[in-house]
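Colleague: Can you read through this structure? Questions will come right after.
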Amino acid sequence: MKQLVILSGKGGTGKTTVAAALAHLASQEIPIILADADVDAANLELVLSPTKLEEYDFIGGQVAIIDPEKCIACGICAEVCRFNAPHPLPSAPPFPSPTGKGRGGMGGEGEVYTIDPIACEGCASCFYQCPEEAIRMEEQLAGRWFRSDTRFGPLFHAHLFAAQENSGKLVTLVKQQARLLALDAGAELLIVDGPPGIGCPVISASAGADLALLVTEPTVSGVHDLERVLATTDHFGVPALVCINKYDVNPIRAREIAAFCADRGIEVVGQIPFDTVVTEAMVQGLPVTDFSDGAVSRELRQVWARVRGRLNQ
Amino acid sequence: MIITVASGKGGTGKTTVAVSLALSLADRCLFLVDCDVEEPNAALFLKPVFEQREEVGILIPEVDFSKCTYCGRCAEVCQYHAIAVVAQKVLIFPELCHGCGSCTLNCPEGAIHEVLNVTGVIEMGHAGPIAFGQGVMNVGQAMAVPIIRQLKKKAIPPDTSQQVVILDASPGTSCPVVESMRGADFVLLVTEPTPFGLHDLRLAVEVARDELGLPVGVVINRDGVGDRGVEEYCTAEDIPILMHIPLDRRIAEAYSEGVPLVEALPEYRARIRELYQRIEREGTR
């Protein structure tokens, strides 16, 4: 079983469009499994019309919670916290301030501290330092993950709740589940639609990949970000191929990318033209190759043929 | 006023809008801070001259073995499994450490002190009248948030009541984006009128408006393709649409060359100023 991860560095270059097309094309030839590793903004489901079969909770990190009954407002939690999460809060009801403005009554008796759960990184430093043992650590339900069926094969995907941490951990979980089923079911290929950037979720999405397909665009940002994501795949020892999307927006830059790749010995497996058919397919909820037989789809067929060739080497 | 430009979905035009805002408001005391430390791009358009460069990262533990008794307390209190005590050895995993300092505080022998583990740099400079700051995370590093946190501390002036500070966020809606929005007075969400744009816009609204309680407004970029979903959603949720930018090949071509929108198509200068006035009105509503 081979694992292909689709990355880009820069967002919005067409990772999901390419992933959906490859899912459609690959599934006509071999049994595949799909994983959407962009758990903060999972879009693959929008073009694969999955049927959810199973749904699970994802417990992310933990946050500190202060018991207002026990808090003596010594402020040690705020002193030791490096994430600026504990804040003084007047215990209800606050004393009215003389001017009628502001919260009033701060600093007097009855003041307690509270933790901003969004700022809290769950380090438990305050939990260990609180002299009153007024702090407890509580696990957070940080998201949900799903096993679904699509016309092209099983899809593992997830939804990280707003403002939650640990997206890398959720990516790892989704991929692990996908891999387990792929091995069980004898799938030949796991296609992982990755997140933008080069940080923790990208590292989790690339772990164990046999090949990375980097989708770029012929813009100064696309090139800059391609170099950084390529350095990242190099760093983790994942071989990479490049696909230039919307190449005709700036054919000169597209040629520069091709030359840059040639210098580095990286194969450019496709140059996809700009066409609003990509958006039309998205509106219909379909992979573009399943929607149109135009130039975009023809090029994506090439991309798949070359990716497959490379995976079989 | 601090304005964070975010989007949810990548590639919708955050940097285009952030840079255009900065260039169109340059008569004000203005700061542009690129918080997309994984893939910072605003400098490609503004071409600032950097005057300061500082290595940043997180403080990781270092053990003084003349004092360490291998009691294992540090490993017990570390919530990230970044420190392990195995027989007569203490192993430290810098890539897992969040720099919370809990091991230092809990070591009964006072055997731990902290050293900077460099994970990136902060660069500060000017592009004409615009004060510019960016963070660049080193390749192979996982954690963007500590760099963004230090960048904000360094690049944002303490009193922003008379100054405009624009933060360009990364795509997505998880921790780096949350950190880029925290402390802002307004979150401007740039989206495109497609199902992907809408899906990710909803998530960005959940973070900015529902979790952080910040006023939000939307810019619809590449207007003219896709469907009406974003407009309908904004109407239903009472989110102001502050500007439409049409799908225009000239904009895409200028972007591809690193030419800011308001320089390639100067007629946008007035429209971007109008956008800012709307943000000011919405932000103080």
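Chain labels run A, B, ... following the order of the structure tokens; each chain numbers its residues from 1, and ligands are numbered from 1 in the order shown.
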Taking 6 positions as the minimum chain separation for residues in the same chain, which residues sit within 9 Å of Leu46 of chain A when counting only C-alpha atoms? Answer as a count of residues only.
Modeller: 7
Colleague: Pick out the residues sitting within 9 Å of Tyr276 of chain B, and hand them over as number ranges by chain; count only C-alpha atoms, and ignore anything fewer than 6 positions along from it in its own chain.
Modeller: B: 21, 25, 242
Colleague: Compute the set of chain A residues within 8 Å of chain B, using only C-alpha atoms, and express it as JSON, numbers by chain.
Modeller: {"A": [9, 10, 11, 12, 13, 40, 41, 43, 46, 81, 82, 83, 122, 123, 124, 125, 128, 160, 162, 163, 164, 165, 167, 196, 197, 198, 199, 200, 201, 203, 218, 219, 220, 221, 224, 225, 228, 231, 232, 235, 236, 249, 250, 253, 276, 279, 280, 282, 283]}
Colleague: Run DSSP on the backbone of this structure and report the residues of segment 72-135 of chain B it assigns to alpha helix (DSSP H), as a VMD selection string.
Modeller: chain B and resid 73 to 77 102 to 106
Colleague: I need the strand (DSSP E) residues of segment 45-147 of chain A per DSSP on the backbone, written as a ChimeraX atom specification.
Modeller: /A:51-66,86-90,111-115,135-147
Colleague: Would you mind exporting C-alpha atoms of the selected residues as a PDB file, in the first residue's frame?
Modeller:
```pdb
ATOM      1  CA  THR A  51     -22.156   9.112   3.397  1.00  0.00           C
ATOM      2  CA  LYS A  52     -21.103   9.139   7.046  1.00  0.00           C
ATOM      3  CA  LEU A  53     -20.909   5.644   8.486  1.00  0.00           C
ATOM      4  CA  GLU A  54     -19.230   6.239  11.827  1.00  0.00           C
ATOM      5  CA  GLU A  55     -18.581   9.290  13.950  1.00  0.00           C
ATOM      6  CA  TYR A  56     -16.242   9.645  16.931  1.00  0.00           C
ATOM      7  CA  ASP A  57     -15.216  12.270  19.465  1.00  0.00           C
ATOM      8  CA  PHE A  58     -11.724  13.665  19.391  1.00  0.00           C
ATOM      9  CA  ILE A  59     -10.329  14.535  22.786  1.00  0.00           C
ATOM     10  CA  GLY A  60      -7.705  17.165  22.171  1.00  0.00           C
ATOM     11  CA  GLY A  61      -5.704  18.670  24.952  1.00  0.00           C
ATOM     12  CA  GLN A  62      -6.792  19.740  28.387  1.00  0.00           C
ATOM     13  CA  VAL A  63      -7.447  23.127  29.933  1.00  0.00           C
ATOM     14  CA  ALA A  64      -7.107  24.388  33.473  1.00  0.00           C
ATOM     15  CA  ILE A  65     -10.230  25.300  35.400  1.00  0.00           C
ATOM     16  CA  ILE A  66     -10.209  27.282  38.650  1.00  0.00           C
ATOM     17  CA  PRO A  86      -5.387  33.347  34.001  1.00  0.00           C
ATOM     18  CA  HIS A  87      -7.128  36.662  34.622  1.00  0.00           C
ATOM     19  CA  PRO A  88      -8.572  38.244  37.734  1.00  0.00           C
ATOM     20  CA  LEU A  89     -12.326  38.388  37.699  1.00  0.00           C
ATOM     21  CA  PRO A  90     -14.479  40.026  40.312  1.00  0.00           C
ATOM     22  CA  GLU A 111     -11.705  38.705  43.722  1.00  0.00           C
ATOM     23  CA  VAL A 112     -11.025  35.403  42.003  1.00  0.00           C
ATOM     24  CA  TYR A 113      -9.062  34.270  38.981  1.00  0.00           C
ATOM     25  CA  THR A 114     -10.417  32.581  35.903  1.00  0.00           C
ATOM     26  CA  ILE A 115      -8.711  30.870  32.960  1.00  0.00           C
ATOM     27  CA  ILE A 135      -7.184  24.223  39.876  1.00  0.00           C
ATOM     28  CA  ARG A 136      -8.127  21.078  38.019  1.00  0.00           C
ATOM     29  CA  MET A 137      -7.231  19.985  34.500  1.00  0.00           C
ATOM     30  CA  GLU A 138     -10.108  18.985  32.271  1.00  0.00           C
ATOM     31  CA  GLU A 139      -9.948  17.193  28.937  1.00  0.00           C
ATOM     32  CA  GLN A 140     -11.528  19.014  26.047  1.00  0.00           C
ATOM     33  CA  LEU A 141     -13.771  17.615  23.359  1.00  0.00           C
ATOM     34  CA  ALA A 142     -11.868  19.269  20.527  1.00  0.00           C
ATOM     35  CA  GLY A 143     -13.497  17.820  17.442  1.00  0.00           C
ATOM     36  CA  ARG A 144     -15.150  14.886  15.689  1.00  0.00           C
ATOM     37  CA  TRP A 145     -13.805  12.460  13.165  1.00  0.00           C
ATOM     38  CA  PHE A 146     -15.684  10.373  10.652  1.00  0.00           C
ATOM     39  CA  ARG A 147     -15.460   7.277   8.534  1.00  0.00           C
TER      40      ARG A 147
END
```
Colleague: Applying 9 Å and only C-alpha atoms, which residues near Thr17 of chain A remain after dropping the ones on its own chain fewer than 5 positions away? List them as a count of residues only.
Modeller: 7
Colleague: Name all residues at most 12 Å from Gln28 of chain A (count only C-alpha atoms; drop same-chain ones fewer than 2 positions away) and give them as a list in words.
Modeller: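 Everything that qualifies: Ala21, Leu22, Ala23, His24, Leu25, Ala26, Ile30, Pro31, Ile32, Arg151, Phe152, Gly153, Thr289, Asp290, Arg301 and Trp304 of chain A.
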